Structures are given as structure tokens and as C-alpha cells.
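Q: For reference, this is model16.cif, and it has mmCIF, C-alpha atoms and all ligand atoms.
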data_input
loop_
_atom_site.label_atom_id
_atom_site.label_comp_id
_atom_site.auth_asym_id
_atom_site.auth_seq_id
_atom_site.Cartn_x
_atom_site.Cartn_y
_atom_site.Cartn_z
CA THR A 27 -11.32 38.85 -5.17
CA ASP A 28 -8.26 41.09 -4.77
CA TRP A 29 -5.30 38.78 -4.45
CA ILE A 30 -1.92 39.84 -3.19
CA ARG A 31 0.70 37.84 -5.05
CA GLU A 32 4.20 37.71 -3.67
CA PHE A 33 6.32 35.31 -5.66
CA ALA A 34 9.65 33.88 -4.57
CA ALA A 35 12.32 36.17 -6.02
CA THR A 36 14.68 33.25 -6.36
CA SER A 37 13.37 29.75 -5.86
CA ARG A 38 15.33 27.46 -3.63
CA LEU A 39 15.61 24.70 -6.26
CA SER A 40 16.36 24.53 -9.98
CA ASP A 41 13.76 23.23 -12.47
CA VAL A 42 15.73 19.99 -12.86
CA GLN A 43 15.80 19.43 -9.07
CA VAL A 44 12.09 20.19 -8.81
CA ARG A 45 11.21 17.73 -11.60
CA GLU A 46 13.24 15.02 -9.91
CA LEU A 47 11.58 15.64 -6.53
CA ALA A 48 8.09 15.93 -8.03
CA ASP A 49 8.48 12.41 -9.41
CA THR A 50 10.12 10.81 -6.35
CA ALA A 51 9.29 12.59 -3.05
CA GLY A 52 7.31 10.63 -0.43
CA PHE A 53 4.02 11.67 1.22
CA GLY A 54 4.27 15.08 2.91
CA GLU A 55 8.04 15.27 2.69
CA THR A 56 8.91 18.02 0.24
CA PHE A 57 6.73 21.08 -0.09
CA THR A 58 6.34 23.39 -3.08
CA ASP A 59 7.69 26.96 -3.19
CA HIS A 60 4.47 28.81 -2.31
CA MET A 61 1.46 28.78 -0.02
CA VAL A 62 -1.86 30.59 0.20
CA THR A 63 -3.17 32.38 3.28
CA ALA A 64 -6.40 34.25 4.09
CA ARG A 65 -7.87 35.62 7.31
CA TRP A 66 -11.27 35.85 8.96
CA SER A 67 -12.65 38.37 11.40
CA ALA A 68 -16.23 39.13 12.42
CA ASP A 69 -16.06 42.56 10.72
CA ASP A 70 -14.49 41.53 7.42
CA GLY A 71 -15.39 37.85 7.00
CA TRP A 72 -12.81 35.95 4.92
CA HIS A 73 -10.41 38.50 3.46
CA ASP A 74 -6.82 39.29 2.54
CA PRO A 75 -6.06 36.24 0.31
CA ARG A 76 -2.39 35.99 -0.59
CA VAL A 77 -0.01 33.74 -2.50
CA LEU A 78 3.30 33.88 -0.68
CA PRO A 79 6.64 32.12 -0.77
CA ARG A 80 6.28 29.16 1.62
CA ARG A 81 7.90 30.15 4.89
CA PRO A 82 7.55 29.68 8.67
CA MET A 83 4.76 31.63 10.33
CA THR A 84 4.83 33.53 13.61
CA VAL A 85 2.06 32.54 16.00
CA ASP A 86 1.31 33.63 19.53
CA PRO A 87 2.05 30.82 22.03
CA ALA A 88 -1.52 31.25 23.36
CA MET A 89 -3.17 30.72 19.95
CA VAL A 90 -6.54 28.93 20.35
CA GLY A 91 -5.80 26.36 17.64
CA LEU A 92 -2.63 25.23 19.44
CA HIS A 93 -4.26 24.72 22.83
CA TYR A 94 -7.82 23.64 22.11
CA GLY A 95 -7.39 22.01 18.73
CA GLN A 96 -9.78 24.24 16.79
CA VAL A 97 -8.24 23.03 13.51
CA VAL A 98 -9.83 21.24 10.53
CA PHE A 99 -8.34 20.40 7.17
CA GLU A 100 -8.84 18.80 3.75
CA GLY A 101 -6.68 16.68 1.48
CA LEU A 102 -7.20 16.80 -2.27
CA LYS A 103 -5.19 16.03 -5.38
CA VAL A 104 -4.36 17.85 -8.61
CA TYR A 105 -3.20 15.73 -11.55
CA ARG A 106 -1.34 16.49 -14.75
CA THR A 107 -3.60 16.21 -17.79
CA PRO A 108 -2.48 14.46 -21.02
CA GLU A 109 -2.21 17.96 -22.57
CA GLY A 110 0.26 19.02 -19.87
CA GLY A 111 -2.21 21.14 -17.88
CA ALA A 112 -3.54 20.58 -14.36
CA ALA A 113 -6.92 19.32 -13.13
CA GLY A 114 -8.26 18.88 -9.59
CA PHE A 115 -10.42 15.95 -8.46
CA ARG A 116 -13.90 16.67 -6.99
CA LEU A 117 -12.91 20.08 -5.60
CA ALA A 118 -16.48 21.15 -4.76
CA GLU A 119 -16.91 17.92 -2.79
CA HIS A 120 -13.79 18.68 -0.73
CA CYS A 121 -15.00 22.22 -0.13
CA ARG A 122 -18.36 20.95 1.14
CA ARG A 123 -16.67 18.51 3.49
CA LEU A 124 -14.41 21.30 4.79
CA ALA A 125 -17.59 23.29 5.51
CA ARG A 126 -19.08 20.34 7.44
CA SER A 127 -15.87 19.86 9.45
CA ALA A 128 -15.69 23.62 10.13
CA SER A 129 -19.30 23.69 11.29
CA ARG A 130 -18.62 20.88 13.82
CA PHE A 131 -15.78 22.98 15.26
CA ALA A 132 -17.64 26.34 15.29
CA ILE A 133 -15.31 27.67 12.57
CA PRO A 134 -16.81 30.06 9.98
CA GLU A 135 -17.45 28.38 6.61
CA PHE A 136 -14.84 29.02 3.92
CA PRO A 137 -16.55 30.20 0.68
CA GLU A 138 -16.42 27.88 -2.32
CA ASP A 139 -15.34 30.57 -4.81
CA LEU A 140 -12.36 31.52 -2.63
CA PHE A 141 -11.54 27.83 -2.10
CA LEU A 142 -11.43 27.20 -5.86
CA GLU A 143 -9.50 30.43 -6.55
CA SER A 144 -6.93 29.56 -3.88
CA ILE A 145 -6.30 26.20 -5.53
CA THR A 146 -5.97 27.76 -8.98
CA GLU A 147 -3.60 30.42 -7.64
CA LEU A 148 -1.34 27.95 -5.85
CA VAL A 149 -1.22 25.44 -8.69
CA ARG A 150 -0.32 28.23 -11.12
CA ALA A 151 2.42 29.54 -8.82
CA ASP A 152 3.82 26.03 -8.32
CA SER A 153 3.04 24.45 -11.70
CA ARG A 154 6.61 23.21 -12.09
CA TRP A 155 5.99 20.91 -9.08
CA LEU A 156 3.19 18.96 -10.80
CA PRO A 157 4.43 15.35 -11.16
CA SER A 158 4.50 13.89 -14.66
CA ILE A 159 4.28 10.18 -13.72
CA CYS A 160 0.95 8.31 -13.69
CA GLY A 161 -0.11 7.62 -10.10
CA ARG A 162 1.56 10.77 -8.78
CA ALA A 163 -0.08 14.12 -8.12
CA LEU A 164 0.17 17.39 -6.28
CA TYR A 165 -1.50 16.91 -2.89
CA LEU A 166 -3.12 20.06 -1.53
CA ARG A 167 -3.79 20.61 2.15
CA PRO A 168 -6.36 23.38 2.89
CA THR A 169 -6.49 24.06 6.65
CA LEU A 170 -8.66 26.29 8.86
CA LEU A 171 -7.46 27.23 12.32
CA GLY A 172 -8.51 29.40 15.25
CA THR A 173 -5.83 32.10 15.61
CA GLU A 174 -7.04 34.31 18.45
CA THR A 175 -4.62 34.85 21.32
CA THR A 176 -6.63 33.68 24.28
CA LEU A 177 -6.93 30.70 26.55
CA ALA A 178 -10.58 31.44 27.29
CA LEU A 179 -12.46 28.26 26.48
CA ARG A 180 -14.64 29.46 23.61
CA PRO A 181 -14.38 29.60 19.82
CA SER A 182 -11.66 31.84 18.44
CA ALA A 183 -12.66 35.35 17.29
CA THR A 184 -10.22 35.17 14.36
CA TYR A 185 -9.21 32.42 11.90
CA SER A 186 -6.66 31.68 9.21
CA TYR A 187 -6.92 29.66 6.04
CA LEU A 188 -3.72 27.99 4.87
CA LEU A 189 -3.16 26.09 1.66
CA LEU A 190 0.02 24.03 1.26
CA ALA A 191 1.07 21.65 -1.51
CA PHE A 192 3.47 18.77 -1.99
CA PRO A 193 4.09 16.22 -4.75
CA THR A 194 3.28 12.63 -3.80
CA GLY A 195 2.77 9.12 -5.09
CA SER A 196 1.43 6.34 -2.91
CA PHE A 197 0.85 7.21 0.72
CA PHE A 198 2.37 3.85 1.63
CA GLY A 199 5.62 4.48 -0.23
CA SER A 200 7.55 1.35 -1.07
CA VAL A 201 4.92 -1.01 0.45
CA ALA A 202 2.33 0.36 -2.00
CA GLU A 203 1.47 -3.06 -3.47
CA SER A 204 -0.63 -4.08 -0.46
CA VAL A 205 -0.95 -3.45 3.27
CA SER A 206 -1.69 -5.42 6.43
CA VAL A 207 -4.01 -4.04 9.13
CA TRP A 208 -4.35 -4.54 12.87
CA ALA A 209 -7.88 -4.26 14.34
CA THR A 210 -7.36 -2.70 17.77
CA HIS A 211 -9.53 -3.58 20.78
CA ARG A 212 -7.51 -1.24 22.94
CA TYR A 213 -8.21 2.20 21.44
CA SER A 214 -11.26 3.86 19.85
CA ARG A 215 -11.34 6.50 17.17
CA ALA A 216 -14.78 8.07 17.39
CA ALA A 217 -17.87 7.85 19.59
CA PRO A 218 -21.47 8.68 18.56
CA GLY A 219 -21.98 12.45 18.72
CA GLY A 220 -18.22 13.01 18.64
CA THR A 221 -15.97 14.32 15.88
CA GLY A 222 -15.48 11.13 13.83
CA ALA A 223 -17.11 12.50 10.68
CA ALA A 224 -15.06 15.71 10.80
CA LYS A 225 -11.62 15.96 9.26
CA CYS A 226 -10.11 17.53 12.37
CA ALA A 227 -6.45 17.56 13.34
CA GLY A 228 -7.13 15.84 16.68
CA ASN A 229 -8.56 12.69 15.07
CA TYR A 230 -5.20 12.04 13.48
CA ALA A 231 -3.09 12.73 16.58
CA ALA A 232 -5.43 10.39 18.49
CA SER A 233 -4.66 7.60 16.01
CA PHE A 234 -0.90 7.61 16.57
CA LEU A 235 -0.81 5.22 19.54
CA ALA A 236 -3.11 2.75 17.82
CA GLN A 237 -0.94 3.07 14.73
CA GLN A 238 2.07 2.26 16.94
CA GLU A 239 0.26 -0.80 18.34
CA ALA A 240 -0.41 -1.93 14.74
CA ARG A 241 3.26 -1.55 13.85
CA GLU A 242 4.30 -3.52 16.93
CA ARG A 243 2.04 -6.32 15.66
CA GLY A 244 3.82 -6.20 12.32
CA CYS A 245 1.02 -4.37 10.48
CA HIS A 246 1.08 -1.19 8.39
CA GLN A 247 -2.18 0.33 9.53
CA VAL A 248 -4.73 0.29 12.30
CA LEU A 249 -8.29 -0.89 11.57
CA TRP A 250 -10.82 0.85 13.81
CA LEU A 251 -13.81 -0.88 15.37
CA ASP A 252 -16.82 1.06 16.70
CA ALA A 253 -16.35 2.61 20.15
CA VAL A 254 -19.57 1.29 21.72
CA GLU A 255 -19.65 -2.47 21.04
CA ARG A 256 -16.05 -2.80 19.92
CA GLN A 257 -16.99 -5.13 17.11
CA TRP A 258 -18.21 -3.26 13.98
CA ILE A 259 -15.56 -2.45 11.38
CA GLU A 260 -15.44 1.32 10.76
CA GLU A 261 -12.33 2.59 8.96
CA MET A 262 -8.53 2.58 8.93
CA GLY A 263 -5.99 5.04 10.39
CA GLY A 264 -6.39 7.64 7.67
CA MET A 265 -8.62 6.04 5.03
CA ASN A 266 -11.86 4.11 4.40
CA VAL A 267 -12.19 0.40 3.78
CA PHE A 268 -14.09 -1.81 1.26
CA TRP A 269 -14.28 -5.53 0.65
CA VAL A 270 -15.51 -7.73 -2.16
CA CYS A 271 -17.81 -10.73 -1.65
CA ALA A 272 -17.54 -13.97 -3.59
CA ASP A 273 -20.51 -12.88 -5.77
CA GLY A 274 -18.48 -9.82 -6.88
CA SER A 275 -20.49 -7.29 -4.82
CA LEU A 276 -18.86 -4.54 -2.78
CA VAL A 277 -19.38 -3.74 0.92
CA THR A 278 -18.26 -0.74 2.98
CA PRO A 279 -19.18 0.39 6.52
CA PRO A 280 -22.06 2.94 6.60
CA LEU A 281 -21.62 6.63 7.47
CA THR A 282 -22.92 6.49 11.02
CA GLY A 283 -21.36 9.80 12.10
CA THR A 284 -18.27 8.02 13.41
CA VAL A 285 -16.73 7.37 9.98
CA LEU A 286 -15.00 9.96 7.78
CA GLU A 287 -17.06 10.68 4.67
CA GLY A 288 -14.34 9.86 2.16
CA VAL A 289 -14.48 11.51 -1.26
CA THR A 290 -12.65 8.51 -2.71
CA ARG A 291 -15.09 6.22 -0.84
CA ASP A 292 -18.02 7.95 -2.55
CA SER A 293 -16.26 7.90 -5.95
CA ILE A 294 -15.66 4.15 -5.70
CA MET A 295 -19.35 3.52 -5.00
CA VAL A 296 -20.30 5.56 -8.09
CA LEU A 297 -17.70 3.85 -10.30
CA ALA A 298 -18.66 0.38 -9.09
CA ARG A 299 -22.37 1.00 -9.80
CA ARG A 300 -21.45 2.31 -13.28
CA ARG A 301 -19.82 -1.07 -13.84
CA GLY A 302 -22.96 -2.88 -12.68
CA ILE A 303 -21.31 -3.95 -9.41
CA SER A 304 -23.72 -3.96 -6.47
CA VAL A 305 -22.58 -1.86 -3.49
CA ARG A 306 -23.90 -2.14 0.06
CA GLU A 307 -23.18 0.14 3.02
CA LYS A 308 -23.47 -2.36 5.82
CA ARG A 309 -22.28 -2.85 9.39
CA VAL A 310 -20.11 -5.97 9.56
CA GLY A 311 -18.53 -7.31 12.73
CA LEU A 312 -14.84 -8.20 12.82
CA ALA A 313 -15.58 -11.84 13.82
CA ASP A 314 -17.96 -12.29 10.87
CA PHE A 315 -15.48 -10.62 8.53
CA LEU A 316 -12.69 -13.01 9.57
CA ALA A 317 -15.00 -16.03 9.24
CA ASP A 318 -16.19 -14.89 5.79
CA VAL A 319 -12.64 -14.47 4.51
CA THR A 320 -11.64 -17.88 5.86
CA ALA A 321 -14.71 -19.51 4.25
CA GLY A 322 -14.08 -17.75 0.91
CA ARG A 323 -17.21 -15.57 1.15
CA ILE A 324 -15.01 -12.43 1.11
CA THR A 325 -12.33 -12.51 -1.58
CA GLU A 326 -10.76 -9.03 -1.69
CA ALA A 327 -10.36 -6.01 0.57
CA PHE A 328 -8.85 -2.61 -0.01
CA ALA A 329 -8.10 0.70 1.67
CA CYS A 330 -9.11 3.91 -0.08
CA GLY A 331 -8.57 7.62 0.39
CA THR A 332 -7.15 10.66 -1.31
CA ALA A 333 -3.69 9.88 0.03
CA ALA A 334 -3.97 6.08 -0.16
CA ALA A 335 -5.83 5.96 -3.52
CA ILE A 336 -6.85 2.26 -3.71
CA THR A 337 -4.46 -0.07 -1.90
CA PRO A 338 -5.17 -3.81 -1.51
CA ILE A 339 -5.29 -5.23 2.03
CA ARG A 340 -3.40 -8.50 2.25
CA LYS A 341 -3.94 -9.36 5.92
CA VAL A 342 -6.28 -8.49 8.77
CA ALA A 343 -4.98 -9.36 12.25
CA SER A 344 -6.48 -8.89 15.73
CA ASP A 345 -6.69 -10.37 19.24
CA ILE A 346 -9.63 -12.54 18.12
CA GLY A 347 -7.99 -13.99 15.01
CA SER A 348 -6.52 -13.09 11.65
CA CYS A 349 -6.88 -13.86 7.95
CA ASP A 350 -4.99 -13.46 4.68
CA LEU A 351 -6.41 -12.03 1.49
CA GLY A 352 -5.28 -12.12 -2.10
CA GLY A 353 -1.64 -12.98 -1.40
CA GLY A 354 -0.63 -9.30 -1.63
CA LEU A 355 -1.96 -8.68 -5.13
CA ALA A 356 -4.94 -6.57 -6.15
CA GLY A 357 -7.91 -8.85 -6.87
CA PRO A 358 -9.89 -8.38 -10.12
CA ILE A 359 -12.51 -5.97 -8.70
CA THR A 360 -9.90 -3.92 -6.82
CA HIS A 361 -7.84 -3.77 -10.00
CA LEU A 362 -10.82 -2.74 -12.15
CA LEU A 363 -11.90 0.07 -9.81
CA ARG A 364 -8.35 1.32 -9.45
CA SER A 365 -7.95 1.45 -13.25
CA ASP A 366 -11.25 3.34 -13.62
CA LEU A 367 -10.29 5.86 -10.94
CA THR A 368 -6.75 6.35 -12.27
CA ALA A 369 -8.07 6.94 -15.81
CA ILE A 370 -10.36 9.68 -14.49
CA HIS A 371 -7.61 11.26 -12.39
CA HIS A 372 -5.20 11.47 -15.31
CA GLY A 373 -7.80 12.33 -17.96
CA THR A 374 -7.29 9.16 -19.98
CA SER A 375 -10.78 7.68 -19.58
CA GLY A 376 -11.70 8.87 -23.08
CA ARG A 377 -14.74 10.81 -21.90
CA PRO A 378 -15.25 14.23 -20.36
CA GLU A 379 -15.36 13.95 -16.57
CA ARG A 380 -17.40 16.36 -14.50
CA TRP A 381 -15.34 15.28 -11.48
CA MET A 382 -12.24 17.03 -12.84
CA THR A 383 -11.79 20.83 -12.72
CA THR A 384 -9.23 22.25 -15.15
CA LEU A 385 -7.04 24.77 -13.32
C1 LIG B 401 -6.08 12.02 2.90
O1 LIG B 401 -6.25 10.90 2.43
O2 LIG B 401 -6.08 13.03 2.18
C2 LIG B 401 -5.86 12.27 4.32
O3 LIG B 401 -6.01 13.37 4.75
C3 LIG B 401 -5.42 11.18 5.20
C4 LIG B 401 -3.95 11.30 5.45
C5 LIG B 401 -3.63 12.27 6.53
C6 LIG B 401 -3.40 9.96 5.76
#
Please render this file's structure as C-alpha cells.
A:
Amino acid sequence: TDWIREFAATSRLSDVQVRELADTAGFGETFTDHMVTARWSADDGWHDPRVLPRRPMTVDPAMVGLHYGQVVFEGLKVYRTPEGGAAGFRLAEHCRRLARSASRFAIPEFPEDLFLESITELVRADSRWLPSICGRALYLRPTLLGTETTLALRPSATYSYLLLAFPTGSFFGSVAESVSVWATHRYSRAAPGGTGAAKCAGNYAASFLAQQEARERGCHQVLWLDAVERQWIEEMGGMNVFWVCADGSLVTPPLTGTVLEGVTRDSIMVLARRRGISVREKRVGLADFLADVTAGRITEAFACGTAAAITPIRKVASDIGSCDLGGGLAGPITHLLRSDLTAIHHGTSGRPERWMTTL
């Protein structure tokens, strides 16, 4: 591919300032110096890939993506290797999920080779932003959006690809040790046949009020129940959920089309099975979950996602009851899986990992 590379003539921050920010900045707060863009049209397909200094864009006020929400995105992480290089986690998996999200929104698929090249280009341009501390990474946000200027209610005739990056640690910032969740009976996230499995911008905007309800109840995160019967546990505000039974087995809600197909969710199932831990994808009702925790049949629960990594859940609250788990500390299975995943991310597992792509 013919890349146009336009590097910042003078960067806004010194190397020392960048190193400090890379190791301290919170989720989505401080962006790197560059971004990648590409464009799609029916005649040329995906074309014109560029690495540019990160700067505001000019869009027409009647852009399709703004009005009708034809926007999907990904979230993936790039870690520093022990040798000082950079490696991305399950990049092909993220690209495939972006393609599935795009397809649900009638957006043309973004090619895998261009996806991988764009990540390599941006990480090279912004290598000084790669955090050096274990548990921190460069978070990359590939986004596809309908850019045509029209308010006609049909798919856009033109699209843009954007790739942004920022350094981050735990999504939950200073409360990273564990989180409490509020299971809402008031709002729903996704209905059968809807967009729940797609990583679309609108799913996140639609979670804000439920997230506010959770905060008003003193919880960090919303826990979504299914939209039809309002009883089956599905996922959290921006991450999947697992729990551990007293026999040491793992349970997570199944991918029914209303749950986001988490890359971390899938990785945890693989890692658990490698450890000989049995994993079931099973519908569990909130009432049964609360009863099982109270009776000691469920001993640990955790949130997982690219942003959240693996974060223990210490409390589940709702209108029908609440329960406490683990006293705020990661239980033994949560701890084990988190150590396995972290070792792979940072290249310290002692074995070659096909999940990591050196950039
Ligand atoms: C991620 O985990 O990468 C996400 O995209 C969810 C985030 C927006 C909370």
C-alpha cells in the first residue's frame, strides 16, 4: 500500500513529559501525537491511507455518521515487550469483529492487511508513547464511519477509517482493585435481532443513563439483563462478565446475539481450559445468581474486556436483592487467570504466543 506519512514537525510534548504521561494517564484522556486515516468510495474501495499529526477534523454538519449513527469501532491494546519492542494482542480477532460490526451497519469491510499496516504505522510513529509499566498499554481505537453529506435515510456512499491511540492502565482508574455493579430493571441494552453483538457507537451512548442509575445506587457499573424477560444476566456497561462456582468451574453468559463477543472473554475461556478449569456458557437468572452467591455456590465474579482487563466484582446490587463477593479482593481463580493473561500481554509467559503480533 502507498502510505502518505506526515509527521509532526515539532511534537507538542518533550520525551520526558510523554514518558510521564504514558505511565500515568487515565483511560481515554491523553492521546498520542499521530493518527491514521483512510477513505472509502465505491470507485476506489479503501484508499488513501495516511499517518498524520493528530488534529481536529472538518466534517459537514449533515454527515451521515453524525445523524444516523452509522459508526462502529474496535478497542485493542499494544504492549511493550521485555526486549523494548511493541506487540499487539489478537489483532486478527479484532479485525474480524470490526468486519462483523461493519456488516451489521452496512459499512464496507475494512481489509485485514490495511488494518494490520495501520496499527504498525501508528505504533511506529508514536512509539515513545508506549507505557513501560506492567498492566499499562497503548489502547488503539479503530473506527469506521459514514461520511457522506446527506440526510437521506440510507447507507452512506463514502466512509472514513480513523485510528487513534492513547496510553492507559486500568479502565477503572483508582478503583481498579474491584468494582460493584447495579443490575438495572429500568433500561435494556440489546434486543434479539438488534445491534447488541456489534461494537457500534450507539450501544455505548445508550448505556449512559443506566450507568448514571448505577452510580446513583453507589455502584461503579451497570449490569445488563436480557431485554425480553428482564432476568438473564448478559453483560456490563462496557465489558463481559464471568463468575466462579464453588467447584472451581467458570460460567459466562452465552453469545445470544445480544451480548458483545469480547476478545478478552474468548481469551479467558481458552486460558481457563488450558488450566483444566471447566467453562460453561450458560444463561443464569439474576435471582438464581444472588441466591447462589448467598449460599456459597458462587465464590468469585469478575468483569473482563480490553479496557477493563480482568477486574473482580465485589458486589452485585438490584431492586430484587444484593450480594457481596470476595471482600474486594481477586479470588484464586480470578487471580490465576489475570496472571496468565498479563504474562501473555507482556511477553513474560516464557513461551511463544501466537496471540501476540510483533509490530
Ligand atoms: C473496550 O474494552 O475496548 C471497549 O471498547 C469498552 C470501553 C469503551 C469501555
Q: As a JSON list (two decimals) with C-alpha atoms, in the frame of the given file, please: the residues near A:Arg130 (cut-off 10 Å, all atoms listed in the file, same-chain neighbours under 2 positions excluded).
A:
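Full text of result_22.json as output:
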[["chain", "number", "residue", "atom", "x", "y", "z"],
["A", 96, "GLN", "CA", -9.78, 24.24, 16.79],
["A", 98, "VAL", "CA", -9.83, 21.24, 10.53],
["A", 124, "LEU", "CA", -14.41, 21.30, 4.79],
["A", 125, "ALA", "CA", -17.59, 23.29, 5.51],
["A", 126, "ARG", "CA", -19.08, 20.34, 7.44],
["A", 127, "SER", "CA", -15.87, 19.86, 9.45],
["A", 128, "ALA", "CA", -15.69, 23.62, 10.13],
["A", 132, "ALA", "CA", -17.64, 26.34, 15.29],
["A", 133, "ILE", "CA", -15.31, 27.67, 12.57],
["A", 220, "GLY", "CA", -18.22, 13.01, 18.64],
["A", 221, "THR", "CA", -15.97, 14.32, 15.88],
["A", 223, "ALA", "CA", -17.11, 12.50, 10.68],
["A", 224, "ALA", "CA", -15.06, 15.71, 10.80],
["A", 225, "LYS", "CA", -11.62, 15.96, 9.26],
["A", 226, "CYS", "CA", -10.11, 17.53, 12.37]]
Q: Tell me which of A:Thr290, A:Ser304, A:Thr175, A:Thr278 sits closest to ligand LIG 401 (chain B), counting all atoms listed in the file.
A: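 Ranking A:Thr290, A:Ser304, A:Thr175, A:Thr278 by distance to ligand LIG 401 (chain B), first place goes to A:Thr290.
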Q: 9 Å from ligand LIG 401 (chain B) is the threshold here; counting all atoms listed in the file, which polymer residues fall inside it? Answer as number ranges by chain.
A: A: 53, 99-103, 165-167, 197, 225, 230, 263-265, 288, 290, 330-335
Q: Using only C-alpha atoms, which of the listed residues (A:Thr284, A:Thr384, A:Ser186, A:Gln238) sits closest to A:Gly219?
A: A:Thr284
Q: Which value, in Å to one decimal, gives the distance between atom CA of A:Trp381 and atom CA of A:Arg301?
A: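 These atoms are spaced 17.1 Å apart.
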Q: Leaving out stretch 313-323 of chain A and any residue of its chain fewer than 5 positions from it, which residues lie within 10 Å of it when counting only C-alpha atoms, given as a VMD selection string?
A: chain A and resid 257 to 259 269 to 274 342 to 344 346 to 351
